[in-house]
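Worksheet for the structure shown next.
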Amino acid sequence: MDLLPSILKKLSFEGMSELRILDCFAGSGTTLVSALGLSPQVRVTATGIEQNPFLHHVSSSKVRALQAGSQLAQQVQHAFTEVGRIYESNALFKTETPALSTFSNEAYFPPALLASLLRIKAAIEYCDAPPLARDILLTAAASCVESTSRLRRDGRALRYASERQPKEPWVEFSARVQQIIEDIEISQPPSGTGTVIRGDGRRPLLHVDASAKKDLIVFSPPYPNNIDYTEIYKTEAWYLDFFTDAQQFRSQRLKTLRSHPSVRFSDEYDFEDSSDAEKVGELLKPILEAVPDDRYATGRKQLIKGYADDMLTLFRQCREIISSEGRLVYVVGNSAHGNGDALFIIAADLIMARLAELANWRVEEISVARGLRRRLTNSRFLRESVVTLSPA
């Protein structure tokens with residue numbers, strides 16, 4: 001939450017009376033909420049784009065809740081009370097187990113706890129509540145999926161933790177709802193308006209008006225480190241019925257930024273047919289040559305080329321919607337692949353900076369925010385950087 005204010009201070013944007021901000025990878029909405037919490041003297045228009053359906057639901061609910069104001073707390077409390085009444089009643093309503101096989105594995109989800117979790121969702125959908133209050137309750141319910149199972153997020157995947165004691169769903173749900181209500185009650189009126197668009201953050205021109213120039217574009221894209229966010233948030237997404245079959249799930253995975261080789265993306269790259277093909281090729285050549293010739297080689301090379309292709313597209317489109325005095329700030333971490341003699345580093349901060357230059361941006365500063373650690377790896381080249389660009 002402190003990143004955006006520090007960026008604005010550093011860029012001397014603090015005194016502006018109006019500020020138009022775009023986050024191309026909104027995630028859970030932290031940047032947008034921070035933007036709406038700026039000084040009341042600044043009229044903010046904050047726009048986010050998010051491809052992942054579950055994260056879009058979370059970020060959109062947060063932003064809408066902040067704009068609704070403290071009176072929303074009473075609506076959520078009333079809705080929660082009604083959900084509790086329905087949950088405890090003998091009402092017969094349909095509770096379908098998601099088609100994702102993970103939910104049918106009793107080692108992951110003990111049947112009684114899963115039944116409770118599904119009944120909570122059904123009660124929310126059954127109750128008569130305002131749409132935003134219902135969405136907030138669904139967000140709270142989905143946030144309980146991991147803690148009421150024997151699964152845990154561990155970097156790149158969901159992992160089975162046999163020793164884990166799943167928590168009781170209604171107790172977890174109640175605690176999370178009460179925390180949300182408390183947060184809403186103490187929230188301050190926002191200093192502007194915000195919205196989160198479900199779409200492709202790599203192509204903001206598909207979603208925002210190019211004539212409404214942005215003062216600040218700030219984002220932290222998925223790092224090129226093999227994390228497939230569709231996969232690691234799959235249980236929440238299936239729980240909320242964003243996916244109902246395997247084809248929908250696979251289709252979503254193929255729409256994501258090419259930061260991971262979890263699925264086989266198309267081996268086609270727009271930069272190869274552009275005027276910058278040779279320059280991009282020169283940039284990527286030493287990295288591609290460092291990839292070990294093993295069973296992971298094809299996927300890793302596709303990751304490197306695909307990530308660069310997506311970033312170049314992103315920078316080109318962002319250049320079309322930035323104001324003449326605007327800035328683009330991105331936060332990204334480098335990543336290590338392989339081990340021992342087969343270790344190689346993808347310096348995402350520097351690669352993206354060079355791609356930005358090809359898209360007519362000027363690199364103003366590359367600042368190392370913190371070092372990153374990876375077990376069993378020499379981490380001296382691993383870092384998370386904040387990079388500031390201005391229109392060239």
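FYI, nothing fancy with the structure tokens labels: chains A, B, ... in order, residues from 1 per chain, ligands from 1 as they appear.
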For Glu168 (chain A), find every residue with an atom within 7 Å (counting only C-alpha atoms), except residues of its own chain fewer than 3 positions away, and show them as a list in words.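 The filter keeps Leu113, Thr148, Val171 and Glu172 of chain A.
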So which residues touch Glu182 (chain A) within 12 Å, counting only C-alpha atoms, skipping near sequence neighbours fewer than 3 positions away, as a ChimeraX atom specification? /A:70-74,76-77,175-179,185-187
DSSP strand (DSSP E or B) selection over region 16-245 of chain A, as number ranges by chain: A: 18-23, 43-50, 151-154, 157-160, 192-198, 214-219
Residue contacts of region 358-371 of chain A (7 Å, only C-alpha atoms) excluding same-chain residues fewer than 5 positions away, as a ChimeraX atom specification: /A:312,315-316,353,382-392
Create the file for the chosen residues now, containing N, CA, C and O atoms and written as a tab-separated table (two decimals), in the first residue's frame.
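Result file out_11.tsv:
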chain	number	residue	atom	x	y	z
A	312	LEU	N	6.67	-6.41	-25.13
A	312	LEU	CA	6.82	-5.42	-26.20
A	312	LEU	C	5.45	-4.92	-26.65
A	312	LEU	O	5.25	-3.72	-26.86
A	315	PHE	N	4.19	-2.51	-23.90
A	315	PHE	CA	4.84	-1.20	-23.90
A	315	PHE	C	4.39	-0.35	-25.09
A	315	PHE	O	4.20	0.86	-24.97
A	316	ARG	N	4.22	-0.98	-26.23
A	316	ARG	CA	3.76	-0.24	-27.41
A	316	ARG	C	2.36	0.32	-27.20
A	316	ARG	O	2.08	1.48	-27.55
A	353	ALA	N	13.25	-3.28	-19.80
A	353	ALA	CA	13.71	-1.90	-20.03
A	353	ALA	C	14.15	-1.71	-21.48
A	353	ALA	O	13.83	-0.69	-22.11
A	382	LEU	N	19.54	-12.23	-8.20
A	382	LEU	CA	18.09	-12.21	-8.10
A	382	LEU	C	17.65	-10.96	-7.35
A	382	LEU	O	18.13	-10.69	-6.24
A	383	ARG	N	16.76	-10.21	-7.94
A	383	ARG	CA	16.32	-8.95	-7.35
A	383	ARG	C	14.92	-8.61	-7.85
A	383	ARG	O	14.47	-9.13	-8.87
A	384	GLU	N	14.28	-7.74	-7.10
A	384	GLU	CA	13.01	-7.16	-7.53
A	384	GLU	C	13.27	-5.68	-7.75
A	384	GLU	O	13.80	-5.00	-6.86
A	385	SER	N	12.92	-5.19	-8.92
A	385	SER	CA	13.28	-3.82	-9.28
A	385	SER	C	12.05	-2.97	-9.57
A	385	SER	O	11.02	-3.48	-10.02
A	386	VAL	N	12.20	-1.68	-9.33
A	386	VAL	CA	11.20	-0.69	-9.71
A	386	VAL	C	11.81	0.13	-10.84
A	386	VAL	O	12.85	0.77	-10.66
A	387	VAL	N	11.17	0.09	-12.00
A	387	VAL	CA	11.71	0.75	-13.18
A	387	VAL	C	10.77	1.86	-13.62
A	387	VAL	O	9.56	1.65	-13.75
A	388	THR	N	11.33	3.05	-13.82
A	388	THR	CA	10.54	4.22	-14.20
A	388	THR	C	10.84	4.61	-15.65
A	388	THR	O	12.01	4.75	-16.03
A	389	LEU	N	9.79	4.78	-16.43
A	389	LEU	CA	9.90	5.16	-17.84
A	389	LEU	C	9.16	6.47	-18.10
A	389	LEU	O	8.18	6.77	-17.42
A	390	SER	N	9.63	7.20	-19.09
A	390	SER	CA	8.92	8.38	-19.56
A	390	SER	C	8.83	8.32	-21.07
A	390	SER	O	9.64	7.63	-21.73
A	391	PRO	N	7.86	9.00	-21.69
A	391	PRO	CA	7.74	8.96	-23.15
A	391	PRO	C	8.98	9.55	-23.81
A	391	PRO	O	9.47	10.61	-23.42
A	392	ALA	N	9.53	8.84	-24.78
A	392	ALA	CA	10.73	9.32	-25.48
A	392	ALA	C	10.32	10.31	-26.57
A	392	ALA	O	9.20	10.27	-27.08
Which one of A:Ile197, A:Leu92, A:Ile232, A:Pro190 sits closest to Val42 (chain A) if you count only C-alpha atoms? A:Pro190
For region 207-222 of chain A, find every residue with an atom within 9 Å (counting only C-alpha atoms), except residues of its own chain fewer than 5 positions away, and show them as a ChimeraX atom specification. /A:4,8,13,19-27,31,47,49,197-201,227-229,257-259,318,320-333
Would you list, as an MDAnalysis selection string, the residues of region 138-245 of chain A that end up in helix (DSSP H, G or I) under DSSP run on this structure's backbone? chainID A and resid 138:142 169:186 204:206 229:232 234:239
For region 285-288 of chain A: contacts at 9 Å, only C-alpha atoms, fewer than 2 positions along chain excluded, given as a PDB file with C-alpha atoms, in the first residue's frame:
ATOM      1  CA  VAL A 280      14.726  -8.198 -30.132  1.00  0.00           C
ATOM      2  CA  GLY A 281      16.575 -11.202 -31.498  1.00  0.00           C
ATOM      3  CA  GLU A 282      19.911  -9.696 -30.380  1.00  0.00           C
ATOM      4  CA  LEU A 283      18.480  -9.033 -26.922  1.00  0.00           C
ATOM      5  CA  ALA A 290      22.053 -20.222 -21.965  1.00  0.00           C
ATOM      6  CA  VAL A 291      19.063 -22.572 -21.829  1.00  0.00           C
ATOM      7  CA  PRO A 292      20.300 -26.116 -21.136  1.00  0.00           C
ATOM      8  CA  ARG A 300      11.862 -22.444 -21.438  1.00  0.00           C
ATOM      9  CA  LYS A 301      12.694 -20.964 -24.830  1.00  0.00           C
ATOM     10  CA  ILE A 304      11.599 -16.319 -22.935  1.00  0.00           C
ATOM     11  CA  LYS A 305      10.347 -15.400 -26.403  1.00  0.00           C
ATOM     12  CA  PHE A 344      20.539 -19.402 -15.848  1.00  0.00           C
ATOM     13  CA  ILE A 345      18.938 -16.083 -14.892  1.00  0.00           C
ATOM     14  CA  ILE A 346      16.186 -14.196 -16.699  1.00  0.00           C
TER      15      ILE A 346
END
Using only C-alpha atoms, determine which residues lie at most 12 Å from Ala107 (chain A), disregarding the query and same-chain residues fewer than 6 positions distant; provide the list as a PyMOL selection string. chain A and resi 101+113-114+148-151+159-166
Please report as CSV every residue of region 118-209 of chain A lying within 10 Å of region 235-245 of chain A, along with the nearest atom pair and their distance in Å (one decimal), using only C-alpha atoms.
residue,atom,partner,partner_atom,distance
A:Leu118,CA,A:Tyr239,CA,8.1
A:Lys121,CA,A:Leu240,CA,8.0
A:Leu138,CA,A:Leu240,CA,7.5
A:Thr139,CA,A:Leu240,CA,8.8
A:Ala141,CA,A:Glu236,CA,9.0
A:Ala142,CA,A:Glu236,CA,5.3
A:Ser143,CA,A:Glu236,CA,7.3
A:Cys144,CA,A:Glu236,CA,8.7
A:Val145,CA,A:Glu236,CA,6.4
A:Glu146,CA,A:Thr235,CA,7.9
A:Leu151,CA,A:Thr235,CA,9.8
A:Leu158,CA,A:Thr235,CA,9.3
Would you output that residue set with C-alpha atoms, as a PDB file, in the first residue's frame?
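Just written: result29.pdb:
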ATOM      1  CA  LEU A 118     -20.694 -25.607  -0.675  1.00  0.00           C
ATOM      2  CA  LYS A 121     -22.016 -20.577  -1.273  1.00  0.00           C
ATOM      3  CA  LEU A 138     -18.759 -14.744  -2.127  1.00  0.00           C
ATOM      4  CA  THR A 139     -15.259 -13.281  -1.938  1.00  0.00           C
ATOM      5  CA  ALA A 141     -16.370 -17.645   1.118  1.00  0.00           C
ATOM      6  CA  ALA A 142     -13.858 -18.245  -1.681  1.00  0.00           C
ATOM      7  CA  SER A 143     -11.049 -17.024   0.557  1.00  0.00           C
ATOM      8  CA  CYS A 144     -11.854 -19.944   2.890  1.00  0.00           C
ATOM      9  CA  VAL A 145     -11.325 -22.649   0.266  1.00  0.00           C
ATOM     10  CA  GLU A 146      -7.622 -23.150   0.920  1.00  0.00           C
ATOM     11  CA  LEU A 151      -3.959 -27.796   0.224  1.00  0.00           C
ATOM     12  CA  LEU A 158      -1.078 -26.037  -4.909  1.00  0.00           C
TER      13      LEU A 158
END
Excluding same-chain residues fewer than 6 positions from Thr95 (chain A), what lies within 10 Å of it counting only C-alpha atoms, as a CSV table (one decimal) with C-alpha atoms, in the first residue's frame?
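Now in selection12.csv:
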chain,number,residue,atom,x,y,z
A,115,ALA,CA,-20.4,-30.0,2.2
A,116,SER,CA,-20.3,-27.0,4.6
A,117,LEU,CA,-18.3,-24.9,2.2
A,118,LEU,CA,-20.7,-25.6,-0.7
A,119,ARG,CA,-23.7,-24.9,1.5
A,120,ILE,CA,-22.3,-21.5,2.4
A,121,LYS,CA,-22.0,-20.6,-1.3
A,122,ALA,CA,-25.5,-21.9,-2.0
A,123,ALA,CA,-26.9,-19.9,0.9
Using only C-alpha atoms, which residue out of A:Asp341, A:Asp276, A:Glu96, A:Asp183 lies closest to Glu357 (chain A)?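 Using only C-alpha atoms, the shortest distance to Glu357 (chain A) belongs to A:Asp276.
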